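S.K.: What follows is input_10.pdb, made up of PDB, C-alpha atoms:
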ATOM      1  CA  MET T   1     -28.901  -1.661  11.456
ATOM      2  CA  LYS T   2     -27.452   1.832  11.373
ATOM      3  CA  GLN T   3     -23.672   1.924  11.418
ATOM      4  CA  VAL T   4     -21.986   4.763  13.288
ATOM      5  CA  LEU T   5     -18.305   5.695  13.387
ATOM      6  CA  GLY T   6     -17.263   7.095  16.746
ATOM      7  CA  ILE T   7     -14.409   9.609  16.776
ATOM      8  CA  GLY T   8     -12.990  10.716  20.096
ATOM      9  CA  LEU T   9     -10.687  13.737  20.143
ATOM     10  CA  GLU T  10      -8.075  13.825  22.888
ATOM     11  CA  ARG T  11      -5.329  16.360  23.385
ATOM     12  CA  HIS T  12      -1.728  15.304  22.877
ATOM     13  CA  GLY T  13       0.447  18.343  23.464
ATOM     14  CA  ASP T  14      -0.626  20.920  20.903
ATOM     15  CA  MET T  15      -2.146  18.326  18.579
ATOM     16  CA  ILE T  16      -5.148  16.023  18.428
ATOM     17  CA  ALA T  17      -4.896  12.338  19.265
ATOM     18  CA  PRO T  18      -7.915  10.774  17.514
ATOM     19  CA  LYS T  19      -9.514   7.576  18.737
ATOM     20  CA  LEU T  20     -11.633   5.800  16.126
ATOM     21  CA  VAL T  21     -14.329   3.368  17.232
ATOM     22  CA  LEU T  22     -15.408   1.446  14.170
ATOM     23  CA  PRO T  23     -18.787  -0.261  13.891
ATOM     24  CA  ALA T  24     -18.923  -4.029  13.556
ATOM     25  CA  PRO T  25     -18.582  -5.064   9.898
ATOM     26  CA  MET T  26     -21.763  -6.147   8.198
ATOM     27  CA  PRO T  27     -21.745  -9.868   7.229
ATOM     28  CA  VAL T  28     -22.560  -9.166   3.594
ATOM     29  CA  GLY T  29     -21.196 -12.462   2.296
ATOM     30  CA  GLU T  30     -23.303 -14.463   4.736
ATOM     31  CA  VAL T  31     -26.452 -12.470   3.960
ATOM     32  CA  MET T  32     -26.078 -12.911   0.199
ATOM     33  CA  ARG T  33     -24.956 -16.560   0.141
ATOM     34  CA  GLY T  34     -27.434 -18.802  -1.663
ATOM     35  CA  ARG T  35     -29.364 -15.966  -3.273
ATOM     36  CA  ASP T  36     -30.139 -15.364  -6.933
ATOM     37  CA  PRO T  37     -27.510 -12.999  -8.432
ATOM     38  CA  GLU T  38     -30.107 -10.575  -9.794
ATOM     39  CA  ALA T  39     -31.700 -10.333  -6.366
ATOM     40  CA  VAL T  40     -28.271  -9.721  -4.831
ATOM     41  CA  ALA T  41     -27.565  -6.888  -7.270
ATOM     42  CA  GLN T  42     -30.829  -5.212  -6.298
ATOM     43  CA  MET T  43     -30.381  -5.821  -2.573
ATOM     44  CA  MET T  44     -26.867  -4.370  -2.510
ATOM     45  CA  GLY T  45     -28.126  -1.139  -4.054
ATOM     46  CA  ARG T  46     -30.831  -0.842  -1.414
ATOM     47  CA  LEU T  47     -28.723  -1.879   1.586
ATOM     48  CA  PHE T  48     -25.886   0.539   0.759
ATOM     49  CA  ASN T  49     -27.804   3.328  -0.899
ATOM     50  CA  LEU T  50     -25.164   6.057  -0.522
ATOM     51  CA  CYS T  51     -23.311   4.443  -3.426
ATOM     52  CA  GLY T  52     -26.091   2.081  -4.434
ATOM     53  CA  ALA T  53     -25.530   2.309  -8.171
ATOM     54  CA  ALA T  54     -21.827   1.501  -7.827
ATOM     55  CA  GLN T  55     -22.594  -1.413  -5.507
ATOM     56  CA  SER T  56     -25.169  -2.874  -7.898
ATOM     57  CA  GLN T  57     -22.929  -2.407 -10.918
ATOM     58  CA  ALA T  58     -20.028  -4.149  -9.206
ATOM     59  CA  VAL T  59     -22.234  -7.148  -8.366
ATOM     60  CA  ARG T  60     -23.458  -7.319 -11.953
ATOM     61  CA  LEU T  61     -19.976  -7.195 -13.419
ATOM     62  CA  SER T  62     -18.528  -9.737 -11.030
ATOM     63  CA  LEU T  63     -21.400 -12.203 -11.369
ATOM     64  CA  GLY T  64     -21.779 -11.920 -15.140
ATOM     65  CA  LEU T  65     -25.022  -9.956 -15.269
ATOM     66  CA  PRO T  66     -25.744  -7.174 -17.804
ATOM     67  CA  ALA T  67     -24.352  -3.886 -16.466
ATOM     68  CA  ASP T  68     -24.670  -0.238 -17.482
ATOM     69  CA  ASP T  69     -22.449   2.411 -15.898
ATOM     70  CA  ASP T  70     -24.715   5.390 -16.684
ATOM     71  CA  ASP T  71     -26.389   5.143 -13.263
ATOM     72  CA  THR T  72     -22.999   5.129 -11.547
ATOM     73  CA  ARG T  73     -21.875   8.240 -13.411
ATOM     74  CA  ARG T  74     -25.083  10.029 -12.467
ATOM     75  CA  GLU T  75     -24.566   8.966  -8.852
ATOM     76  CA  ILE T  76     -21.035  10.421  -8.738
ATOM     77  CA  LEU T  77     -22.250  13.604 -10.439
ATOM     78  CA  ARG T  78     -25.071  14.002  -7.910
ATOM     79  CA  ASP T  79     -22.887  13.383  -4.867
ATOM     80  CA  HIS T  80     -20.063  15.683  -6.005
ATOM     81  CA  MET T  81     -22.497  18.472  -6.867
ATOM     82  CA  ALA T  82     -24.210  18.120  -3.483
ATOM     83  CA  LYS T  83     -20.901  18.471  -1.635
ATOM     84  CA  LEU T  84     -19.769  21.477  -3.643
ATOM     85  CA  PHE T  85     -23.038  23.391  -3.856
ATOM     86  CA  LEU T  86     -24.892  22.350  -0.684
ATOM     87  CA  PHE T  87     -22.968  20.646   2.119
ATOM     88  CA  TRP T  88     -19.628  22.446   2.125
ATOM     89  CA  PRO T  89     -21.090  25.946   1.808
ATOM     90  CA  LYS T  90     -23.402  25.150   4.732
ATOM     91  CA  ALA T  91     -20.497  23.771   6.791
ATOM     92  CA  LEU T  92     -18.595  27.008   6.173
ATOM     93  CA  GLY T  93     -21.565  29.184   7.119
ATOM     94  CA  HIS T  94     -21.978  30.433   3.550
ATOM     95  CA  ALA T  95     -25.152  30.782   1.544
ATOM     96  CA  SER T  96     -25.429  27.871  -0.858
ATOM     97  CA  PRO T  97     -24.998  28.960  -4.477
ATOM     98  CA  PRO T  98     -27.846  27.967  -6.798
ATOM     99  CA  MET T  99     -27.382  24.662  -8.552
ATOM    100  CA  PRO T 100     -26.561  25.380 -12.212
ATOM    101  CA  GLU T 101     -29.509  24.947 -14.542
ATOM    102  CA  GLY T 102     -29.461  21.568 -16.257
ATOM    103  CA  TRP T 103     -26.553  20.226 -14.166
ATOM    104  CA  GLN T 104     -28.028  16.715 -14.322
ATOM    105  CA  ARG T 105     -27.154  16.517 -18.030
ATOM    106  CA  ALA T 106     -23.430  16.980 -17.231
ATOM    107  CA  GLN T 107     -22.836  19.037 -20.362
ATOM    108  CA  PRO T 108     -19.457  20.786 -20.909
ATOM    109  CA  ALA T 109     -21.166  24.142 -20.262
ATOM    110  CA  LEU T 110     -21.297  23.131 -16.592
ATOM    111  CA  LEU T 111     -17.520  23.604 -16.429
ATOM    112  CA  ARG T 112     -18.001  27.401 -16.494
ATOM    113  CA  ASP T 113     -19.992  27.170 -13.255
ATOM    114  CA  LEU T 114     -17.232  25.081 -11.696
ATOM    115  CA  TRP T 115     -14.143  26.909 -12.902
ATOM    116  CA  GLY T 116     -15.099  30.154 -14.633
ATOM    117  CA  MET T 117     -13.642  31.065 -17.996
ATOM    118  CA  GLY T 118     -10.352  30.008 -19.507
ATOM    119  CA  GLU T 119      -7.804  27.297 -18.742
ATOM    120  CA  ILE T 120      -6.569  27.169 -15.143
ATOM    121  CA  ARG T 121      -2.813  26.742 -14.876
ATOM    122  CA  ASP T 122      -1.948  28.504 -11.615
ATOM    123  CA  LEU T 123      -3.831  27.241  -8.561
ATOM    124  CA  ASP T 124      -3.138  30.218  -6.299
ATOM    125  CA  ALA T 125      -4.178  32.669  -9.005
ATOM    126  CA  TRP T 126      -7.450  30.804  -9.493
ATOM    127  CA  LEU T 127      -8.151  30.682  -5.757
ATOM    128  CA  VAL T 128      -8.288  34.499  -5.615
ATOM    129  CA  SER T 129      -9.997  34.925  -8.987
ATOM    130  CA  GLU T 130     -13.600  34.749  -7.718
ATOM    131  CA  GLN T 131     -14.336  32.547 -10.737
ATOM    132  CA  GLY T 132     -16.528  29.474 -10.577
ATOM    133  CA  LEU T 133     -16.235  27.702  -7.239
ATOM    134  CA  SER T 134     -12.934  29.339  -6.339
ATOM    135  CA  PRO T 135     -14.522  31.245  -3.386
ATOM    136  CA  LEU T 136     -15.612  27.939  -1.825
ATOM    137  CA  ILE T 137     -12.301  26.139  -2.344
ATOM    138  CA  SER T 138     -10.394  29.221  -1.199
ATOM    139  CA  ALA T 139     -12.488  29.441   1.980
ATOM    140  CA  ILE T 140     -11.555  25.863   2.824
ATOM    141  CA  ASP T 141      -7.909  26.604   2.112
ATOM    142  CA  ARG T 142      -7.824  29.639   4.421
ATOM    143  CA  LEU T 143      -8.973  27.619   7.423
ATOM    144  CA  PHE T 144      -5.883  25.425   7.432
ATOM    145  CA  ALA T 145      -2.215  26.322   7.447
ATOM    146  CA  PRO T 146       0.063  24.349   5.113
ATOM    147  CA  HIS T 147       0.450  20.729   6.249
ATOM    148  CA  GLU T 148      -2.444  20.860   8.721
ATOM    149  CA  ALA T 149      -4.975  18.004   8.569
ATOM    150  CA  VAL T 150      -2.841  16.152   6.018
ATOM    151  CA  ALA T 151      -2.484  12.452   5.325
ATOM    152  CA  ARG T 152       0.123  10.830   3.103
ATOM    153  CA  VAL T 153      -0.733   7.162   2.735
ATOM    154  CA  ALA T 154       0.121   4.645   0.041
ATOM    155  CA  ASP T 155      -1.444   5.337  -3.327
ATOM    156  CA  LEU T 156      -4.181   2.861  -4.212
ATOM    157  CA  PHE T 157      -2.509  -0.365  -5.374
ATOM    158  CA  ASP T 158      -4.917  -3.175  -4.452
ATOM    159  CA  PRO T 159      -8.533  -2.146  -3.831
ATOM    160  CA  MET T 160      -9.388  -5.585  -2.403
ATOM    161  CA  LEU T 161      -6.769  -5.269   0.339
ATOM    162  CA  LYS T 162      -8.160  -3.734   3.555
ATOM    163  CA  MET T 163      -5.288  -1.502   4.588
ATOM    164  CA  ALA T 164      -4.491   2.207   4.494
ATOM    165  CA  GLN T 165      -4.565   3.334   0.855
ATOM    166  CA  GLU T 166      -5.436   6.633  -0.834
ATOM    167  CA  ASN T 167      -8.765   5.512  -2.254
ATOM    168  CA  SER T 168     -10.598   8.791  -2.816
ATOM    169  CA  PRO T 169     -11.664  11.192  -5.575
ATOM    170  CA  ALA T 170      -8.509  13.185  -4.818
ATOM    171  CA  GLY T 171      -6.409  10.055  -5.157
ATOM    172  CA  ARG T 172      -7.926   9.448  -8.588
ATOM    173  CA  MET T 173      -6.844  12.930  -9.678
ATOM    174  CA  ALA T 174      -3.455  13.091  -7.894
ATOM    175  CA  PHE T 175      -1.630  13.223 -11.242
ATOM    176  CA  HIS T 176      -3.266  16.523 -12.260
ATOM    177  CA  PRO T 177      -0.963  19.588 -12.327
ATOM    178  CA  LEU T 178      -3.275  21.573 -10.035
ATOM    179  CA  MET T 179      -3.256  18.714  -7.534
ATOM    180  CA  LYS T 180       0.523  18.603  -7.621
ATOM    181  CA  GLN T 181       0.611  22.350  -6.880
ATOM    182  CA  ALA T 182      -1.731  21.866  -3.922
ATOM    183  CA  GLU T 183       0.314  18.967  -2.571
ATOM    184  CA  GLU T 184       3.631  20.768  -2.926
ATOM    185  CA  THR T 185       2.464  23.888  -1.103
ATOM    186  CA  ARG T 186      -0.058  22.520   1.461
ATOM    187  CA  GLY T 187       0.304  18.745   1.516
ATOM    188  CA  ARG T 188      -2.507  16.249   1.057
ATOM    189  CA  GLY T 189      -4.913  18.123   3.255
ATOM    190  CA  PRO T 190      -8.366  19.708   2.950
ATOM    191  CA  LEU T 191      -7.477  21.866  -0.064
ATOM    192  CA  TRP T 192      -6.004  18.884  -1.912
ATOM    193  CA  ARG T 193      -9.055  16.755  -1.161
ATOM    194  CA  ALA T 194     -11.652  19.416  -1.979
ATOM    195  CA  LEU T 195      -9.859  20.299  -5.195
ATOM    196  CA  GLY T 196      -9.662  16.614  -6.059
ATOM    197  CA  ARG T 197     -13.431  16.266  -5.817
ATOM    198  CA  LEU T 198     -13.884  19.262  -8.107
ATOM    199  CA  LEU T 199     -11.439  17.788 -10.629
ATOM    200  CA  ASP T 200     -13.107  14.379 -10.375
ATOM    201  CA  LEU T 201     -16.420  16.039 -11.174
ATOM    202  CA  THR T 202     -14.735  17.589 -14.201
ATOM    203  CA  ARG T 203     -13.568  14.112 -15.228
ATOM    204  CA  ILE T 204     -17.117  12.791 -15.034
ATOM    205  CA  ILE T 205     -18.239  15.566 -17.368
ATOM    206  CA  THR T 206     -15.400  15.360 -19.885
ATOM    207  CA  ARG T 207     -13.919  11.845 -19.910
ATOM    208  CA  PRO T 208     -15.646   9.353 -17.594
ATOM    209  CA  ALA T 209     -13.742   6.106 -17.092
ATOM    210  CA  GLY T 210     -15.513   2.765 -17.267
ATOM    211  CA  PRO T 211     -15.347  -0.054 -14.736
ATOM    212  CA  VAL T 212     -12.745  -2.824 -14.751
ATOM    213  CA  LEU T 213     -13.325  -6.568 -14.421
ATOM    214  CA  ARG T 214     -10.240  -8.555 -13.437
ATOM    215  CA  PRO T 215      -9.700 -12.208 -14.432
ATOM    216  CA  ASP T 216     -10.501 -13.356 -10.881
ATOM    217  CA  ASN T 217     -14.016 -11.814 -11.103
ATOM    218  CA  THR T 218     -13.007  -8.734  -9.115
ATOM    219  CA  ALA T 219     -15.034  -5.742 -10.296
ATOM    220  CA  LEU T 220     -13.537  -2.273  -9.773
ATOM    221  CA  VAL T 221     -16.092   0.501 -10.088
ATOM    222  CA  ALA T 222     -15.539   4.227  -9.694
ATOM    223  CA  ALA T 223     -17.806   5.597  -6.964
ATOM    224  CA  ALA T 224     -18.286   9.001  -5.366
ATOM    225  CA  ARG T 225     -15.837   8.248  -2.536
ATOM    226  CA  GLY T 226     -13.221   6.302  -4.491
ATOM    227  CA  THR T 227     -12.979   2.870  -6.120
ATOM    228  CA  TYR T 228     -15.386   0.188  -4.976
ATOM    229  CA  ALA T 229     -14.125  -3.392  -5.231
ATOM    230  CA  LEU T 230     -16.233  -6.537  -5.200
ATOM    231  CA  ARG T 231     -15.523 -10.180  -5.984
ATOM    232  CA  GLY T 232     -18.201 -12.823  -6.179
ATOM    233  CA  HIS T 233     -18.576 -16.427  -7.330
ATOM    234  CA  LEU T 234     -21.608 -18.499  -8.268
ATOM    235  CA  ALA T 235     -22.305 -22.161  -7.643
ATOM    236  CA  GLY T 236     -25.414 -23.804  -9.044
ATOM    237  CA  GLY T 237     -26.718 -20.465 -10.265
ATOM    238  CA  VAL T 238     -26.704 -18.817  -6.846
ATOM    239  CA  VAL T 239     -24.143 -16.750  -4.957
ATOM    240  CA  GLU T 240     -21.537 -18.884  -3.224
ATOM    241  CA  THR T 241     -19.137 -16.145  -2.047
ATOM    242  CA  LEU T 242     -19.225 -12.380  -2.082
ATOM    243  CA  GLU T 243     -16.464 -10.084  -0.820
ATOM    244  CA  ARG T 244     -16.433  -6.308  -0.986
ATOM    245  CA  VAL T 245     -14.040  -3.557   0.029
ATOM    246  CA  THR T 246     -15.121   0.077   0.057
ATOM    247  CA  PRO T 247     -13.189   3.349   0.006
ATOM    248  CA  THR T 248     -14.263   3.797   3.631
ATOM    249  CA  ASP T 249     -12.467   0.570   4.555
ATOM    250  CA  HIS T 250      -9.219   2.135   3.329
ATOM    251  CA  LEU T 251     -10.033   5.510   4.862
ATOM    252  CA  LEU T 252     -10.629   4.062   8.342
ATOM    253  CA  ALA T 253      -7.828   1.474   8.356
ATOM    254  CA  PRO T 254      -5.101   1.917  10.993
ATOM    255  CA  GLY T 255      -2.746   4.606   9.749
ATOM    256  CA  GLY T 256      -5.318   5.638   7.167
ATOM    257  CA  ALA T 257      -6.304   9.071   5.953
ATOM    258  CA  MET T 258      -8.932   9.636   8.658
ATOM    259  CA  GLU T 259      -6.545   8.947  11.526
ATOM    260  CA  LEU T 260      -3.633  10.894  10.042
ATOM    261  CA  SER T 261      -5.708  13.896   8.970
ATOM    262  CA  LEU T 262      -7.073  14.386  12.482
ATOM    263  CA  ALA T 263      -3.682  13.696  14.093
ATOM    264  CA  THR T 264      -2.133  16.535  12.082
ATOM    265  CA  LEU T 265      -4.815  19.039  13.106
ATOM    266  CA  PRO T 266      -3.772  21.354  15.967
ATOM    267  CA  TRP T 267      -5.839  21.097  19.133
ATOM    268  CA  ARG T 268      -6.735  24.777  18.887
ATOM    269  CA  LYS T 269      -8.487  23.911  15.613
ATOM    270  CA  ALA T 270     -10.388  20.916  16.965
ATOM    271  CA  GLY T 271     -13.587  22.741  16.070
ATOM    272  CA  LEU T 272     -12.712  22.097  12.416
ATOM    273  CA  ALA T 273     -12.652  18.331  12.908
ATOM    274  CA  ALA T 274     -16.213  17.958  11.617
ATOM    275  CA  LEU T 275     -15.291  19.760   8.400
ATOM    276  CA  VAL T 276     -12.186  17.597   7.975
ATOM    277  CA  VAL T 277     -14.320  14.474   8.405
ATOM    278  CA  ASP T 278     -16.932  15.756   5.956
ATOM    279  CA  ILE T 279     -14.270  16.407   3.330
ATOM    280  CA  LEU T 280     -12.874  12.905   3.884
ATOM    281  CA  ASP T 281     -16.464  11.688   3.550
ATOM    282  CA  PRO T 282     -16.852   8.223   5.099
ATOM    283  CA  CYS T 283     -19.982   6.425   3.923
ATOM    284  CA  ILE T 284     -21.376   5.970   7.445
ATOM    285  CA  ALA T 285     -22.768   8.275  10.103
ATOM    286  CA  VAL T 286     -20.186   9.893  12.385
ATOM    287  CA  GLU T 287     -20.305  10.998  16.032
ATOM    288  CA  ILE T 288     -17.440  13.243  17.190
ATOM    289  CA  LYS T 289     -16.770  13.608  20.896
ATOM    290  CA  GLY T 290     -14.233  15.693  22.772
ATOM    291  CA  VAL T 291     -14.393  18.928  20.759
ATOM    292  CA  PRO T 292     -13.438  21.745  23.173
ATOM    293  CA  HIS T 293     -15.941  24.551  23.701
ATOM    294  CA  ALA T 294     -15.030  27.916  22.226
TER     295      ALA T 294
END
Let me see whether you can do it: turn the structure in this file into C-alpha cells.
M.R.:
Amino acid sequence: MKQVLGIGLERHGDMIAPKLVLPAPMPVGEVMRGRDPEAVAQMMGRLFNLCGAAQSQAVRLSLGLPADDDDTRREILRDHMAKLFLFWPKALGHASPPMPEGWQRAQPALLRDLWGMGEIRDLDAWLVSEQGLSPLISAIDRLFAPHEAVARVADLFDPMLKMAQENSPAGRMAFHPLMKQAEETRGRGPLWRALGRLLDLTRIITRPAGPVLRPDNTALVAAARGTYALRGHLAGGVVETLERVTPTDHLLAPGGAMELSLATLPWRKAGLAALVVDILDPCIAVEIKGVPHA
C-alpha cells in the first residue's frame, strides 16, 4: 500500500499555517511476528526500499544475524549524490551537473567535485567562490531570507522515542564549524539542511561511522535521512516483537521540523514549499495542496 503525506497550506496573516495529514502507520510488528529472522531482514529491505539497506542492517544487528555496513554506506552515498547532482538542480530549474566519474568508489578525489580546492573555513566566501557545488548551495540560500523556513527542535536524544527531534543528515553534522556559521546567520533552514547533507556526504567519504547496538537490542543505523532505530526480540527462533522508528517519524511529529519549517515560510513564498519539503526529505510520497497561483 502506497503511503502518502498530505500537506495543506493555509494562510495565517503573512505566514503559512501548514496542515499535515499523516498516513496510517504500517503494522510492521504484526506483519513480521512469527517469521524467520533472515526472512524478516530481507522483507524489510524490500518493503522499505528507499533506505532498504539500513532497514535490513538494523534487523540483522538487533536479531543477532551477521551484518555488513558496506551496503548502507553505498546507499547513503547514492542518495546524497542524487539529491545534490540530480534532484535539487532540477527543482531549481538548473541543468544537472554531470556525476563525477567513479563517484561510486567514494574516493577522496571526489571531495574536489563537492568543494573545490583547499580547506573551507568561511562559509560565505565559499558560497560565492563558484567552487565545487557552491553554485547549487548558494542558489538555495538566495531563495530564503535569514530565518525563513527554519526549525529548531530538540537535538536527537532517543531515536526510539516518536517525538520531534532533529534526526537528519544536518543534525548529524550540526557540530561542524560551517554548520554553526549557517545556523548563526540564517538559522536551521534550507541552507543549513542542504549544507548538512553535503557535509554528511563528506563524512561518508572520509570517516564513515559504524552502527550501534544497545544492550536492549536496539540497533541504531545511519541512513540517508538520519538515524534509523529498530528493536526486535526472538522467541523460539522466530520474531516475537519488532519496533522501528524512522527519521521521518521525528520529522513529521507534532512540532517537528516539517511543521515548523513550513510555518516559518512567508505566504508570498508558498511556491517554495515543495523545495522545502524536498530538502527535508520525508521517506514517503507527498501531496501539497493550497499553493497560490503566481
S.K.: Using only C-alpha atoms, determine which residues lie at most 6 Å from Leu156 (chain T), disregarding the query and same-chain residues fewer than 3 positions distant; provide the list as a ChimeraX atom specification.
M.R.: /T:165-167
S.K.: As a check of understanding, name the residues that the PyMOL selection byres ((chain T and resi 20) around 12) selects in the supplied structure, as an MDAnalysis selection string.
M.R.: chainID T and resid 4:10 17:19 21:23 251:260 262:263 277 286:289
S.K.: Let me make sure I understand: among T:Val153, T:Ile279, T:Met117, T:Val40, which one has the smallest atom-to-atom distance to Leu92 (chain T) if we use all atoms listed in the file?
M.R.: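 Closest to Leu92 (chain T), using all atoms listed in the file: T:Ile279.
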S.K.: Decode the PyMOL selection byres ((chain T and resi 81) around 10) for the given file into explicit residues and return them as a list in words.
M.R.: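 Matching residues under the PyMOL selection byres ((chain T and resi 81) around 10) are Glu75, Ile76, Leu77, Arg78, Asp79, His80, Ala82, Lys83, Leu84, Phe85, Leu86, Phe87, Met99, Pro100, Trp103, Gln104, Leu114, Arg197, Leu198 and Leu201 of chain T.
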S.K.: What gap, in Å, lies between CA of Asp216 (chain T) and CA of Phe48 (chain T)?
M.R.: 23.8 Å
S.K.: Please enumerate the residues selected by the PyMOL selection byres ((chain T and resi 230) around 7) when evaluated against the supplied file, formatted as a list in words.
M.R.: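 In the shown coordinates, the PyMOL selection byres ((chain T and resi 230) around 7) covers Ala58, Val59, Thr218, Ala219, Leu220, Tyr228, Ala229, Arg231, Gly232, Glu243, Arg244 and Val245 of chain T.
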S.K.: One decimal, in Å: what's the spacing between CA of Phe144 (chain T) and CA of Asp200 (chain T)?
M.R.: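 Between these atoms lies a distance of 22.2 Å.
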S.K.: So, with all atoms listed in the file as the atoms that count, which of T:Asp155, T:Asp141, T:Asp113, T:Glu240 lies closest to Pro37 (chain T)?
M.R.: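 Of the candidates, the smallest distance to Pro37 (chain T) is held by T:Glu240.
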S.K.: Mind pulling up the distance from CA of Asp249 (chain T) to CA of Gln57 (chain T)?
M.R.: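 Taking CA of Gln57 (chain T) and CA of Asp249 (chain T), their separation equals 18.9 Å.
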S.K.: Find, counting only C-alpha atoms, the residue in T:Arg11, T:His94, T:Lys2, T:Arg112 that gets nearest to Val291 (chain T).
M.R.: T:Arg11
S.K.: Can you pull out the residues contacting Ser138 (chain T)? Cut-off 9 Å, using all atoms listed in the file, and skip same-chain residues under 6 positions away; I want them as a tab-separated table (two decimals) with C-alpha atoms, keeping the file's coordinate frame.
M.R.:
chain	number	residue	atom	x	y	z
T	124	ASP	CA	-3.14	30.22	-6.30
T	126	TRP	CA	-7.45	30.80	-9.49
T	127	LEU	CA	-8.15	30.68	-5.76
T	128	VAL	CA	-8.29	34.50	-5.62
T	191	LEU	CA	-7.48	21.87	-0.06
S.K.: With only C-alpha atoms as the atoms that count, which of T:Gln55, T:Arg35, T:Gly290, T:Leu63 lies nearest to Gly271 (chain T)?
M.R.: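 Closest to Gly271 (chain T) of all the choices is T:Gly290.
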S.K.: Pick out the closest residue to Ala224 (chain T) from this set: T:Glu101, T:Glu184, T:Asp281, T:Asp70. Count all atoms listed in the file.
M.R.: T:Asp281
S.K.: Once 3 Å is added on each side, what centre and edge lengths in Å to one decimal does the axis-aligned box around all listed atoms of region 74-82 of chain T have, as AutoDock Vina command-line options?
M.R.:
--center_x -22.6 --center_y 13.7 --center_z -8.0 --size_x 11.0 --size_y 15.5 --size_z 15.0
S.K.: Would you mind completing region 134-148 of chain T so that it carries N, CA, C and O atoms, and writing it out as a PDB file, in the coordinates of the input?
M.R.:
ATOM      1  N   SER T 134     -14.158  28.953  -7.044  1.00  0.00           N
ATOM      2  CA  SER T 134     -12.934  29.339  -6.339  1.00  0.00           C
ATOM      3  C   SER T 134     -13.204  29.953  -4.963  1.00  0.00           C
ATOM      4  O   SER T 134     -12.422  29.700  -4.027  1.00  0.00           O
ATOM      5  N   PRO T 135     -14.285  30.734  -4.751  1.00  0.00           N
ATOM      6  CA  PRO T 135     -14.522  31.245  -3.386  1.00  0.00           C
ATOM      7  C   PRO T 135     -14.722  30.129  -2.364  1.00  0.00           C
ATOM      8  O   PRO T 135     -14.249  30.232  -1.225  1.00  0.00           O
ATOM      9  N   LEU T 136     -15.396  29.060  -2.745  1.00  0.00           N
ATOM     10  CA  LEU T 136     -15.612  27.939  -1.825  1.00  0.00           C
ATOM     11  C   LEU T 136     -14.297  27.231  -1.516  1.00  0.00           C
ATOM     12  O   LEU T 136     -13.962  27.000  -0.346  1.00  0.00           O
ATOM     13  N   ILE T 137     -13.549  26.875  -2.547  1.00  0.00           N
ATOM     14  CA  ILE T 137     -12.301  26.139  -2.344  1.00  0.00           C
ATOM     15  C   ILE T 137     -11.297  27.014  -1.594  1.00  0.00           C
ATOM     16  O   ILE T 137     -10.557  26.533  -0.718  1.00  0.00           O
ATOM     17  N   SER T 138     -11.288  28.300  -1.891  1.00  0.00           N
ATOM     18  CA  SER T 138     -10.394  29.221  -1.199  1.00  0.00           C
ATOM     19  C   SER T 138     -10.758  29.343   0.282  1.00  0.00           C
ATOM     20  O   SER T 138      -9.878  29.424   1.145  1.00  0.00           O
ATOM     21  N   ALA T 139     -12.050  29.348   0.582  1.00  0.00           N
ATOM     22  CA  ALA T 139     -12.488  29.441   1.980  1.00  0.00           C
ATOM     23  C   ALA T 139     -12.025  28.224   2.777  1.00  0.00           C
ATOM     24  O   ALA T 139     -11.629  28.348   3.941  1.00  0.00           O
ATOM     25  N   ILE T 140     -12.082  27.061   2.172  1.00  0.00           N
ATOM     26  CA  ILE T 140     -11.555  25.863   2.824  1.00  0.00           C
ATOM     27  C   ILE T 140     -10.056  25.998   3.047  1.00  0.00           C
ATOM     28  O   ILE T 140      -9.531  25.714   4.128  1.00  0.00           O
ATOM     29  N   ASP T 141      -9.365  26.461   2.037  1.00  0.00           N
ATOM     30  CA  ASP T 141      -7.909  26.604   2.112  1.00  0.00           C
ATOM     31  C   ASP T 141      -7.492  27.543   3.246  1.00  0.00           C
ATOM     32  O   ASP T 141      -6.529  27.270   3.972  1.00  0.00           O
ATOM     33  N   ARG T 142      -8.216  28.632   3.424  1.00  0.00           N
ATOM     34  CA  ARG T 142      -7.824  29.639   4.421  1.00  0.00           C
ATOM     35  C   ARG T 142      -7.961  29.150   5.857  1.00  0.00           C
ATOM     36  O   ARG T 142      -7.340  29.705   6.762  1.00  0.00           O
ATOM     37  N   LEU T 143      -8.767  28.125   6.068  1.00  0.00           N
ATOM     38  CA  LEU T 143      -8.973  27.619   7.423  1.00  0.00           C
ATOM     39  C   LEU T 143      -7.799  26.802   7.949  1.00  0.00           C
ATOM     40  O   LEU T 143      -7.669  26.589   9.155  1.00  0.00           O
ATOM     41  N   PHE T 144      -6.953  26.336   7.049  1.00  0.00           N
ATOM     42  CA  PHE T 144      -5.883  25.425   7.432  1.00  0.00           C
ATOM     43  C   PHE T 144      -4.538  25.952   6.948  1.00  0.00           C
ATOM     44  O   PHE T 144      -4.391  26.332   5.788  1.00  0.00           O
ATOM     45  N   ALA T 145      -3.576  25.969   7.847  1.00  0.00           N
ATOM     46  CA  ALA T 145      -2.215  26.322   7.447  1.00  0.00           C
ATOM     47  C   ALA T 145      -1.626  25.176   6.624  1.00  0.00           C
ATOM     48  O   ALA T 145      -2.120  24.039   6.676  1.00  0.00           O
ATOM     49  N   PRO T 146      -0.576  25.443   5.847  1.00  0.00           N
ATOM     50  CA  PRO T 146       0.063  24.349   5.113  1.00  0.00           C
ATOM     51  C   PRO T 146       0.440  23.183   6.025  1.00  0.00           C
ATOM     52  O   PRO T 146       0.939  23.381   7.130  1.00  0.00           O
ATOM     53  N   HIS T 147       0.116  21.984   5.573  1.00  0.00           N
ATOM     54  CA  HIS T 147       0.450  20.729   6.249  1.00  0.00           C
ATOM     55  C   HIS T 147      -0.347  20.494   7.536  1.00  0.00           C
ATOM     56  O   HIS T 147       0.057  19.692   8.368  1.00  0.00           O
ATOM     57  N   GLU T 148      -1.483  21.182   7.674  1.00  0.00           N
ATOM     58  CA  GLU T 148      -2.444  20.860   8.721  1.00  0.00           C
ATOM     59  C   GLU T 148      -3.515  19.929   8.154  1.00  0.00           C
ATOM     60  O   GLU T 148      -3.946  20.086   7.016  1.00  0.00           O
TER      61      GLU T 148
END
